[in-house]
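**Student:** Data: work_25.pdb, PDB, C-alpha atoms.
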ATOM      1  CA  MET A 218     -49.534 -96.682  82.955
ATOM      2  CA  ILE A 219     -52.540 -98.969  83.160
ATOM      3  CA  LEU A 220     -54.925 -96.839  81.075
ATOM      4  CA  THR A 221     -52.516 -95.902  78.291
ATOM      5  CA  GLY A 222     -54.446 -95.877  75.023
ATOM      6  CA  LYS A 223     -57.819 -96.129  76.782
ATOM      7  CA  ARG A 224     -60.650 -93.788  75.863
ATOM      8  CA  ILE A 225     -62.878 -93.098  78.848
ATOM      9  CA  LEU A 226     -66.134 -91.155  79.092
ATOM     10  CA  ILE A 227     -67.059 -89.756  82.516
ATOM     11  CA  ALA A 228     -70.696 -88.773  82.967
ATOM     12  CA  GLY A 229     -71.460 -86.466  85.850
ATOM     13  CA  MET A 230     -68.260 -84.688  86.915
ATOM     14  CA  SER A 231     -69.026 -81.430  88.708
ATOM     15  CA  ASP A 232     -66.632 -79.405  90.883
ATOM     16  CA  ARG A 233     -63.176 -80.225  92.262
ATOM     17  CA  ARG A 234     -64.722 -81.847  95.331
ATOM     18  CA  SER A 235     -66.637 -84.358  93.235
ATOM     19  CA  ILE A 236     -65.691 -88.013  93.007
ATOM     20  CA  GLY A 237     -65.927 -87.610  89.238
ATOM     21  CA  TYR A 238     -63.081 -85.090  89.333
ATOM     22  CA  SER A 239     -60.900 -87.450  91.368
ATOM     23  CA  ILE A 240     -61.596 -90.190  88.833
ATOM     24  CA  ALA A 241     -60.674 -87.862  85.968
ATOM     25  CA  VAL A 242     -57.401 -86.853  87.653
ATOM     26  CA  GLU A 243     -56.385 -90.441  88.379
ATOM     27  CA  ALA A 244     -57.448 -91.653  84.932
ATOM     28  CA  GLN A 245     -55.277 -89.033  83.245
ATOM     29  CA  LYS A 246     -52.354 -89.952  85.478
ATOM     30  CA  ALA A 247     -52.861 -93.538  84.320
ATOM     31  CA  GLY A 248     -52.696 -92.493  80.666
ATOM     32  CA  ALA A 249     -56.362 -92.293  79.647
ATOM     33  CA  GLU A 250     -57.884 -89.959  77.084
ATOM     34  CA  LEU A 251     -61.093 -88.423  78.462
ATOM     35  CA  LEU A 252     -64.452 -87.055  77.400
ATOM     36  CA  LEU A 253     -66.815 -85.537  79.970
ATOM     37  CA  THR A 254     -70.548 -84.905  80.011
ATOM     38  CA  SER A 255     -72.650 -82.351  81.846
ATOM     39  CA  PHE A 256     -75.800 -80.311  81.280
ATOM     40  CA  GLY A 257     -77.884 -77.338  82.366
ATOM     41  CA  ARG A 258     -76.707 -75.193  85.246
ATOM     42  CA  MET A 259     -74.019 -77.739  86.132
ATOM     43  CA  MET A 260     -72.324 -77.257  82.749
ATOM     44  CA  SER A 261     -70.537 -74.049  83.756
ATOM     45  CA  ILE A 262     -69.196 -75.732  86.907
ATOM     46  CA  THR A 263     -67.959 -78.716  84.890
ATOM     47  CA  GLN A 264     -66.304 -76.376  82.380
ATOM     48  CA  MET A 265     -64.436 -74.532  85.142
ATOM     49  CA  THR A 266     -63.372 -77.790  86.769
ATOM     50  CA  ALA A 267     -62.218 -79.329  83.492
ATOM     51  CA  LYS A 268     -59.702 -76.495  83.101
ATOM     52  CA  LYS A 269     -57.797 -77.965  86.048
ATOM     53  CA  LEU A 270     -57.185 -81.164  84.082
ATOM     54  CA  ASN A 271     -54.258 -81.640  81.719
ATOM     55  CA  PRO A 272     -55.055 -81.940  78.902
ATOM     56  CA  VAL A 273     -58.450 -80.239  79.212
ATOM     57  CA  PRO A 274     -61.115 -82.724  78.028
ATOM     58  CA  GLU A 275     -64.030 -81.822  75.793
ATOM     59  CA  ILE A 276     -67.443 -81.706  77.462
ATOM     60  CA  LEU A 277     -70.593 -82.977  75.788
ATOM     61  CA  GLU A 278     -74.127 -81.898  76.696
ATOM     62  CA  MET A 279     -76.108 -84.825  78.140
ATOM     63  CA  ASP A 280     -79.053 -85.044  80.526
ATOM     64  CA  VAL A 281     -79.222 -88.740  81.455
ATOM     65  CA  THR A 282     -83.019 -88.578  81.840
ATOM     66  CA  LYS A 283     -83.471 -87.647  78.163
ATOM     67  CA  PRO A 284     -82.992 -90.415  75.562
ATOM     68  CA  ASP A 285     -82.459 -87.810  72.834
ATOM     69  CA  ASP A 286     -79.593 -86.281  74.820
ATOM     70  CA  ILE A 287     -77.945 -89.674  75.241
ATOM     71  CA  ALA A 288     -78.323 -90.432  71.532
ATOM     72  CA  ALA A 289     -76.834 -87.043  70.648
ATOM     73  CA  ALA A 290     -73.903 -87.591  73.029
ATOM     74  CA  VAL A 291     -73.233 -90.999  71.465
ATOM     75  CA  LYS A 292     -73.260 -89.400  68.020
ATOM     76  CA  GLU A 293     -70.867 -86.653  69.112
ATOM     77  CA  THR A 294     -68.577 -89.183  70.784
ATOM     78  CA  SER A 295     -68.468 -91.277  67.610
ATOM     79  CA  LYS A 296     -67.304 -88.203  65.670
ATOM     80  CA  ARG A 297     -64.271 -87.973  67.950
ATOM     81  CA  TRP A 298     -63.539 -91.619  68.706
ATOM     82  CA  ASP A 299     -64.208 -94.884  66.894
ATOM     83  CA  ARG A 300     -64.728 -96.605  70.256
ATOM     84  CA  ILE A 301     -64.812 -96.094  74.001
ATOM     85  CA  ASP A 302     -63.005 -98.440  76.369
ATOM     86  CA  GLY A 303     -64.708 -97.351  79.551
ATOM     87  CA  LEU A 304     -67.660 -95.390  80.873
ATOM     88  CA  VAL A 305     -68.045 -93.959  84.377
ATOM     89  CA  HIS A 306     -71.551 -93.287  85.704
ATOM     90  CA  SER A 307     -71.077 -90.603  88.354
ATOM     91  CA  VAL A 308     -74.702 -89.500  88.464
ATOM     92  CA  ALA A 309     -77.207 -89.382  91.338
ATOM     93  CA  TYR A 310     -80.034 -87.146  92.505
ATOM     94  CA  ALA A 311     -83.042 -87.270  94.803
ATOM     95  CA  PRO A 312     -85.477 -84.392  95.350
ATOM     96  CA  PRO A 313     -85.357 -82.801  98.819
ATOM     97  CA  ASP A 314     -88.587 -84.466  99.951
ATOM     98  CA  ALA A 315     -87.076 -87.891  99.218
ATOM     99  CA  LEU A 316     -84.382 -87.352 101.870
ATOM    100  CA  GLY A 317     -84.107 -86.207 105.456
ATOM    101  CA  GLY A 318     -86.345 -88.629 107.330
ATOM    102  CA  GLU A 319     -89.546 -88.161 105.316
ATOM    103  CA  PHE A 320     -89.482 -91.680 103.865
ATOM    104  CA  LEU A 321     -93.113 -92.428 104.720
ATOM    105  CA  ASN A 322     -94.348 -89.163 103.233
ATOM    106  CA  THR A 323     -92.448 -89.025  99.943
ATOM    107  CA  LYS A 324     -94.648 -88.884  96.852
ATOM    108  CA  TRP A 325     -94.160 -91.209  93.908
ATOM    109  CA  GLU A 326     -93.119 -88.386  91.586
ATOM    110  CA  SER A 327     -90.056 -87.699  93.741
ATOM    111  CA  VAL A 328     -89.302 -91.402  94.144
ATOM    112  CA  ALA A 329     -89.522 -91.863  90.377
ATOM    113  CA  THR A 330     -87.055 -89.010  89.825
ATOM    114  CA  ALA A 331     -84.564 -90.489  92.294
ATOM    115  CA  LEU A 332     -84.795 -93.934  90.705
ATOM    116  CA  GLN A 333     -84.562 -92.652  87.147
ATOM    117  CA  VAL A 334     -81.549 -90.419  87.689
ATOM    118  CA  SER A 335     -79.644 -92.570  90.171
ATOM    119  CA  ALA A 336     -80.289 -96.119  88.911
ATOM    120  CA  PHE A 337     -82.162 -96.429  85.599
ATOM    121  CA  SER A 338     -79.819 -93.966  83.908
ATOM    122  CA  PHE A 339     -76.933 -96.434  84.272
ATOM    123  CA  LYS A 340     -78.824 -98.880  82.082
ATOM    124  CA  GLU A 341     -79.681 -96.114  79.616
ATOM    125  CA  LEU A 342     -76.032 -95.092  79.264
ATOM    126  CA  ALA A 343     -74.919 -98.706  78.904
ATOM    127  CA  VAL A 344     -77.401 -99.339  76.095
ATOM    128  CA  GLY A 345     -76.769 -96.001  74.415
ATOM    129  CA  PHE A 346     -72.990 -96.368  74.256
ATOM    130  CA  LEU A 347     -73.023-100.103  73.534
ATOM    131  CA  PRO A 348     -72.358 -99.594  69.788
ATOM    132  CA  LEU A 349     -69.017 -97.981  70.717
ATOM    133  CA  MET A 350     -68.028-100.947  72.922
ATOM    134  CA  ARG A 351     -69.707-103.968  71.345
ATOM    135  CA  GLU A 352     -66.812-105.067  69.106
ATOM    136  CA  HIS A 353     -63.964-104.905  71.617
ATOM    137  CA  GLY A 354     -65.465-104.947  75.123
ATOM    138  CA  GLY A 355     -64.564-102.633  77.960
ATOM    139  CA  SER A 356     -65.593-101.558  81.427
ATOM    140  CA  LEU A 357     -68.578 -99.743  82.932
ATOM    141  CA  VAL A 358     -68.246 -98.400  86.477
ATOM    142  CA  THR A 359     -70.849 -96.714  88.666
ATOM    143  CA  LEU A 360     -70.613 -95.113  92.102
ATOM    144  CA  ASP A 361     -72.536 -96.576  95.004
ATOM    145  CA  PHE A 362     -73.075 -96.149  98.727
ATOM    146  CA  ASP A 363     -73.646 -99.681 100.064
ATOM    147  CA  ASN A 364     -77.359-100.152 100.816
ATOM    148  CA  SER A 365     -77.900-103.842 100.174
ATOM    149  CA  THR A 366     -78.254-104.942 103.799
ATOM    150  CA  GLN A 367     -79.107-101.906 105.899
ATOM    151  CA  ALA A 368     -80.968 -98.617 106.073
ATOM    152  CA  TRP A 369     -79.104 -95.392 106.738
ATOM    153  CA  PRO A 370     -80.387 -92.398 108.746
ATOM    154  CA  LYS A 371     -82.110 -89.810 106.559
ATOM    155  CA  TYR A 372     -80.823 -91.367 103.306
ATOM    156  CA  ASP A 373     -84.330 -92.600 102.551
ATOM    157  CA  TRP A 374     -85.209 -92.943  98.860
ATOM    158  CA  MET A 375     -81.657 -92.284  97.740
ATOM    159  CA  GLY A 376     -80.783 -95.411  99.702
ATOM    160  CA  VAL A 377     -83.488 -97.309  97.848
ATOM    161  CA  SER A 378     -82.177 -95.912  94.554
ATOM    162  CA  LYS A 379     -78.632 -97.012  95.355
ATOM    163  CA  SER A 380     -79.907-100.500  96.177
ATOM    164  CA  ALA A 381     -81.608-100.501  92.783
ATOM    165  CA  LEU A 382     -78.334 -99.348  91.212
ATOM    166  CA  GLU A 383     -76.547-102.345  92.718
ATOM    167  CA  SER A 384     -79.120-104.639  91.130
ATOM    168  CA  VAL A 385     -78.860-102.829  87.793
ATOM    169  CA  THR A 386     -75.103-103.416  87.954
ATOM    170  CA  ARG A 387     -75.571-107.160  88.310
ATOM    171  CA  TYR A 388     -78.137-107.419  85.523
ATOM    172  CA  LEU A 389     -76.013-105.337  83.166
ATOM    173  CA  ALA A 390     -73.069-107.612  83.961
ATOM    174  CA  ARG A 391     -75.258-110.578  83.016
ATOM    175  CA  ASP A 392     -76.438-109.142  79.713
ATOM    176  CA  LEU A 393     -73.253-107.397  78.559
ATOM    177  CA  GLY A 394     -70.796-110.145  79.392
ATOM    178  CA  ARG A 395     -71.323-111.642  75.947
ATOM    179  CA  TYR A 396     -69.629-108.521  74.557
ATOM    180  CA  LYS A 397     -66.725-108.780  77.033
ATOM    181  CA  ILE A 398     -68.041-105.690  78.789
ATOM    182  CA  ARG A 399     -67.483-105.705  82.538
ATOM    183  CA  VAL A 400     -69.905-103.850  84.836
ATOM    184  CA  ASN A 401     -69.002-103.007  88.427
ATOM    185  CA  ALA A 402     -69.846-100.569  91.210
ATOM    186  CA  VAL A 403     -67.510 -98.872  93.657
ATOM    187  CA  CYS A 404     -69.116 -98.565  97.091
ATOM    188  CA  ALA A 405     -67.457 -95.456  98.486
ATOM    189  CA  GLY A 406     -67.505 -94.355 102.073
ATOM    190  CA  PRO A 407     -68.966 -90.906 102.812
ATOM    191  CA  LEU A 408     -67.070 -88.067 101.171
ATOM    192  CA  ALA A 409     -67.453 -84.305 101.472
ATOM    193  CA  THR A 410     -68.827 -83.540  98.010
ATOM    194  CA  LEU A 411     -71.285 -81.031  96.599
ATOM    195  CA  ALA A 412     -73.863 -83.820  96.348
ATOM    196  CA  ALA A 413     -73.311 -84.900  99.952
ATOM    197  CA  SER A 414     -73.880 -81.351 101.176
ATOM    198  CA  GLY A 415     -77.499 -81.696 100.058
ATOM    199  CA  ILE A 416     -78.131 -84.763 102.238
ATOM    200  CA  PRO A 417     -79.603 -83.816 105.645
ATOM    201  CA  GLY A 418     -77.644 -85.336 108.506
ATOM    202  CA  PHE A 419     -74.608 -86.149 106.379
ATOM    203  CA  LYS A 420     -72.273 -84.846 109.076
ATOM    204  CA  ASP A 421     -73.610 -87.541 111.399
ATOM    205  CA  PHE A 422     -71.470 -90.018 109.475
ATOM    206  CA  GLU A 423     -68.168 -88.254 110.011
ATOM    207  CA  GLU A 424     -67.086 -89.308 113.490
ATOM    208  CA  VAL A 425     -68.777 -92.705 113.447
ATOM    209  CA  TRP A 426     -67.182 -93.787 110.162
ATOM    210  CA  GLY A 427     -63.664 -92.924 111.242
ATOM    211  CA  GLN A 428     -64.066 -94.792 114.536
ATOM    212  CA  ARG A 429     -65.454 -97.980 113.010
ATOM    213  CA  ALA A 430     -63.354 -98.294 109.843
ATOM    214  CA  PRO A 431     -60.217-100.298 110.706
ATOM    215  CA  LEU A 432     -58.169 -98.343 108.145
ATOM    216  CA  GLY A 433     -59.656 -95.049 109.265
ATOM    217  CA  TRP A 434     -61.450 -92.651 106.944
ATOM    218  CA  ASN A 435     -60.930 -89.128 105.648
ATOM    219  CA  LEU A 436     -64.018 -87.446 104.235
ATOM    220  CA  GLN A 437     -61.829 -85.022 102.283
ATOM    221  CA  ASP A 438     -59.723 -87.653 100.494
ATOM    222  CA  ARG A 439     -61.383 -88.828  97.292
ATOM    223  CA  THR A 440     -58.196 -90.262  95.786
ATOM    224  CA  PRO A 441     -58.706 -93.880  96.987
ATOM    225  CA  VAL A 442     -62.064 -94.008  95.217
ATOM    226  CA  GLY A 443     -60.608 -92.510  92.040
ATOM    227  CA  ARG A 444     -57.823 -95.095  92.030
ATOM    228  CA  ALA A 445     -60.267 -97.978  92.566
ATOM    229  CA  VAL A 446     -62.312 -96.848  89.572
ATOM    230  CA  VAL A 447     -59.135 -96.634  87.468
ATOM    231  CA  ALA A 448     -58.270-100.210  88.447
ATOM    232  CA  LEU A 449     -61.717-101.389  87.328
ATOM    233  CA  LEU A 450     -61.394 -99.478  84.046
ATOM    234  CA  SER A 451     -58.060-101.150  83.338
ATOM    235  CA  ASP A 452     -57.394-104.611  81.916
ATOM    236  CA  TYR A 453     -55.942-105.868  85.201
ATOM    237  CA  LEU A 454     -59.383-106.897  86.481
ATOM    238  CA  ASP A 455     -60.489-108.471  83.218
ATOM    239  CA  MET A 456     -62.492-111.261  84.900
ATOM    240  CA  THR A 457     -64.259-109.099  87.484
ATOM    241  CA  THR A 458     -67.876-108.166  86.767
ATOM    242  CA  GLY A 459     -71.120-107.738  88.667
ATOM    243  CA  GLU A 460     -69.038-106.787  91.698
ATOM    244  CA  LEU A 461     -69.505-104.204  94.466
ATOM    245  CA  VAL A 462     -66.004-103.029  95.356
ATOM    246  CA  HIS A 463     -65.903-101.361  98.767
ATOM    247  CA  VAL A 464     -63.611 -98.383  99.253
ATOM    248  CA  ASP A 465     -64.679 -97.378 102.742
ATOM    249  CA  GLY A 466     -61.753 -98.081 105.057
ATOM    250  CA  GLY A 467     -63.284-101.474 105.874
ATOM    251  CA  TYR A 468     -66.367-100.018 107.588
ATOM    252  CA  HIS A 469     -68.774-102.399 105.821
ATOM    253  CA  ALA A 470     -67.034-105.484 107.226
ATOM    254  CA  MET A 471     -67.149-104.484 110.898
ATOM    255  CA  GLY A 472     -70.028-105.596 113.097
ATOM    256  CA  ALA A 473     -69.435-102.981 115.766
ATOM    257  CA  GLU A 474     -67.230-100.012 116.523
ATOM    258  CA  LEU A 475     -63.616-100.945 117.165
ATOM    259  CA  PRO A 476     -62.341-100.405 120.719
ATOM    260  CA  PRO A 477     -59.873 -97.559 121.151
ATOM    261  CA  PRO A 478     -56.217 -98.595 120.804
ATOM    262  CA  GLU A 479     -54.423 -99.408 124.064
TER
END
Written as structure tokens, that's how I'd like the structure from this file.
**Tutor:**
Amino acid sequence: MILTGKRILIAGMSDRRSIGYSIAVEAQKAGAELLLTSFGRMMSITQMTAKKLNPVPEILEMDVTKPDDIAAAVKETSKRWDRIDGLVHSVAYAPPDALGGEFLNTKWESVATALQVSAFSFKELAVGFLPLMREHGGSLVTLDFDNSTQAWPKYDWMGVSKSALESVTRYLARDLGRYKIRVNAVCAGPLATLAASGIPGFKDFEEVWGQRAPLGWNLQDRTPVGRAVVALLSDYLDMTTGELVHVDGGYHAMGAELPPPE
């Protein structure tokens, strides 16, 4: 199993529909030992979801927008483990007025929240947990929705935040490479998650994505994304960093919808 002996922290797992849960399931199958983080009202959901995992991981309190919370989570992690081998950033949020086609009217306060939670927090986690990775290296993985070359309907400032996250990934790869820490992003196709349900117009992606992706696409199947993250957490991709790994059925590579099969 490719994660046997690996200690992995997953920040942001919510319910069983979340990508974070799929990552946790696949990581355990691959032999990893897990810690989870959650906070506030989401904590009870994470606790219920964690009971479906075997063994049931511990859950630490951590709001990624609060430096004191991150420091406390690092301290609590260090009481349990002398190191971490991997960290998964499964965190994103944009206020309602930053989505849904109101791009020109969104106020800075909402933009700042989206950027802080969805992009800047990856840097904050990387720096916070660096002492537990500095001596032996490891892997940091974040979750992206590819925004580097195009704008998506109604995705608005979350799209901008994800573009920022891609850039943060590259700069972290630059600065953490000296510690043999790899930093990558998985660009997932649209999936039916709790977070996606809060994006106006999300259902518009369903039919179009399946038609254009040469491998097809199932919005209910989060397993391919979980497996891709596991691969990046493992030692098999030990010279891969600063990369955006697409797990989208090939949608990103197609210039137009594929014709129907004859």
**Student:** Which residues would end up in the selection if the PyMOL selection byres ((chain A and resi 264-278) around 8) were applied here, given that I need the answer as a list in words?
**Tutor:**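 Listing what the PyMOL selection byres ((chain A and resi 264-278) around 8) selects in the shown file: Ser231, Asp232, Arg233, Tyr238, Ala241, Val242, Gln245, Glu250, Leu251, Leu252, Leu253, Thr254, Ser255, Phe256, Met260, Ser261, Ile262, Thr263, Met279, Asp280, Asp286, Ala290 and Glu293 of chain A.
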**Student:** Apply the PyMOL selection byres ((chain A and resi 385-401) around 7) to the structure shown and report the selected residues as a PyMOL selection string.
**Tutor:** chain A and resi 336+340+351+354-359+381-384+402-403+457-461
**Student:** What is the distance between atom CA of A:Gly237 and atom CA of A:His306, in Å to one decimal?
**Tutor:**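 Atom CA of A:Gly237 sits 8.7 Å away from atom CA of A:His306.
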**Student:** Residues near A:Glu243, anyone? I mean within 12 Å using all atoms listed in the file, not counting same-chain ones fewer than 6 positions away, as a ChimeraX atom specification.
**Tutor:** /A:218-220,225,236-237,249-251,270-271,439-448,450-451
**Student:** Mind dumping the selected residues with C-alpha atoms as a PDB file, keeping the file's coordinate frame?
**Tutor:**
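Final file, again_17.pdb:
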ATOM      1  CA  MET A 218     -49.534 -96.682  82.955  1.00  0.00           C
ATOM      2  CA  ILE A 219     -52.540 -98.969  83.160  1.00  0.00           C
ATOM      3  CA  LEU A 220     -54.925 -96.839  81.075  1.00  0.00           C
ATOM      4  CA  ILE A 225     -62.878 -93.098  78.848  1.00  0.00           C
ATOM      5  CA  ILE A 236     -65.691 -88.013  93.007  1.00  0.00           C
ATOM      6  CA  GLY A 237     -65.927 -87.610  89.238  1.00  0.00           C
ATOM      7  CA  ALA A 249     -56.362 -92.293  79.647  1.00  0.00           C
ATOM      8  CA  GLU A 250     -57.884 -89.959  77.084  1.00  0.00           C
ATOM      9  CA  LEU A 251     -61.093 -88.423  78.462  1.00  0.00           C
ATOM     10  CA  LEU A 270     -57.185 -81.164  84.082  1.00  0.00           C
ATOM     11  CA  ASN A 271     -54.258 -81.640  81.719  1.00  0.00           C
ATOM     12  CA  ARG A 439     -61.383 -88.828  97.292  1.00  0.00           C
ATOM     13  CA  THR A 440     -58.196 -90.262  95.786  1.00  0.00           C
ATOM     14  CA  PRO A 441     -58.706 -93.880  96.987  1.00  0.00           C
ATOM     15  CA  VAL A 442     -62.064 -94.008  95.217  1.00  0.00           C
ATOM     16  CA  GLY A 443     -60.608 -92.510  92.040  1.00  0.00           C
ATOM     17  CA  ARG A 444     -57.823 -95.095  92.030  1.00  0.00           C
ATOM     18  CA  ALA A 445     -60.267 -97.978  92.566  1.00  0.00           C
ATOM     19  CA  VAL A 446     -62.312 -96.848  89.572  1.00  0.00           C
ATOM     20  CA  VAL A 447     -59.135 -96.634  87.468  1.00  0.00           C
ATOM     21  CA  ALA A 448     -58.270-100.210  88.447  1.00  0.00           C
ATOM     22  CA  LEU A 450     -61.394 -99.478  84.046  1.00  0.00           C
ATOM     23  CA  SER A 451     -58.060-101.150  83.338  1.00  0.00           C
TER      24      SER A 451
END
**Student:** Quick one: apply the PyMOL selection byres ((chain A and resi 467) around 9) to the file and drop the selected residues here as a short mmCIF file (atom, residue, chain, number, x, y, z; two decimals) with C-alpha atoms, in the coordinates of the input.
**Tutor:**
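And here is the file that came out, part_24.cif:
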data_model
loop_
_atom_site.label_atom_id
_atom_site.label_comp_id
_atom_site.auth_asym_id
_atom_site.auth_seq_id
_atom_site.Cartn_x
_atom_site.Cartn_y
_atom_site.Cartn_z
CA ARG A 429 -65.45 -97.98 113.01
CA ALA A 430 -63.35 -98.29 109.84
CA PRO A 431 -60.22 -100.30 110.71
CA LEU A 432 -58.17 -98.34 108.14
CA GLY A 433 -59.66 -95.05 109.26
CA HIS A 463 -65.90 -101.36 98.77
CA VAL A 464 -63.61 -98.38 99.25
CA ASP A 465 -64.68 -97.38 102.74
CA GLY A 466 -61.75 -98.08 105.06
CA TYR A 468 -66.37 -100.02 107.59
CA HIS A 469 -68.77 -102.40 105.82
CA ALA A 470 -67.03 -105.48 107.23
CA MET A 471 -67.15 -104.48 110.90
#
**Student:** So how far away is atom CA of A:Tyr310 from atom CA of A:Ala331, in Å?
**Tutor:**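 Pair atom CA of A:Ala331 / atom CA of A:Tyr310 returns 5.6 Å.
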**Student:** Just the number, please: distance in Å from atom CA of A:Asp302 to atom CA of A:Val462, one decimal.
**Tutor:**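 We find that atom CA of A:Asp302 and atom CA of A:Val462 lie 19.8 Å from each other.
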**Student:** List as an MDAnalysis selection string the residues having at least one atom at most 12 Å from position (-69.7, -93.5, 66.3) as given in the file, counting all atoms listed in the file.
**Tutor:** chainID A and resid 288:301 345:351
**Student:** So which one's closest to A:Leu332, A:Asp455, A:Asp373, A:Asp438, A:Asp285? Using all atoms listed in the file, please.
**Tutor:**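 Among A:Asp455, A:Asp373, A:Asp438, A:Asp285, it is A:Asp373 that comes nearest to A:Leu332.
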**Student:** Could I get stretch 328-339 of chain A rebuilt with N, CA and C atoms, written as a compact mmCIF listing (two decimals), in the coordinates of the input?
**Tutor:**
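And here's selection-v1.txt as it stands now:
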# COMPACT_ATOMS: atom_id res chain seq x y z
N VAL A 328 -89.95 -90.09 94.16
CA VAL A 328 -89.30 -91.40 94.14
C VAL A 328 -88.89 -91.77 92.72
N ALA A 329 -89.79 -91.53 91.78
CA ALA A 329 -89.52 -91.86 90.38
C ALA A 329 -88.32 -91.09 89.86
N THR A 330 -88.21 -89.81 90.24
CA THR A 330 -87.06 -89.01 89.82
C THR A 330 -85.77 -89.59 90.38
N ALA A 331 -85.77 -89.92 91.67
CA ALA A 331 -84.56 -90.49 92.29
C ALA A 331 -84.15 -91.79 91.62
N LEU A 332 -85.10 -92.65 91.33
CA LEU A 332 -84.80 -93.93 90.70
C LEU A 332 -84.31 -93.76 89.27
N GLN A 333 -84.95 -92.86 88.54
CA GLN A 333 -84.56 -92.65 87.15
C GLN A 333 -83.15 -92.11 87.04
N VAL A 334 -82.86 -91.06 87.80
CA VAL A 334 -81.55 -90.42 87.69
C VAL A 334 -80.45 -91.31 88.27
N SER A 335 -80.71 -91.91 89.42
CA SER A 335 -79.64 -92.57 90.17
C SER A 335 -79.42 -94.03 89.79
N ALA A 336 -80.42 -94.69 89.21
CA ALA A 336 -80.29 -96.12 88.91
C ALA A 336 -80.58 -96.44 87.45
N PHE A 337 -81.77 -96.08 86.98
CA PHE A 337 -82.16 -96.43 85.60
C PHE A 337 -81.23 -95.81 84.57
N SER A 338 -80.69 -94.64 84.87
CA SER A 338 -79.82 -93.97 83.91
C SER A 338 -78.56 -94.77 83.60
N PHE A 339 -78.11 -95.60 84.54
CA PHE A 339 -76.93 -96.43 84.27
C PHE A 339 -77.23 -97.41 83.14
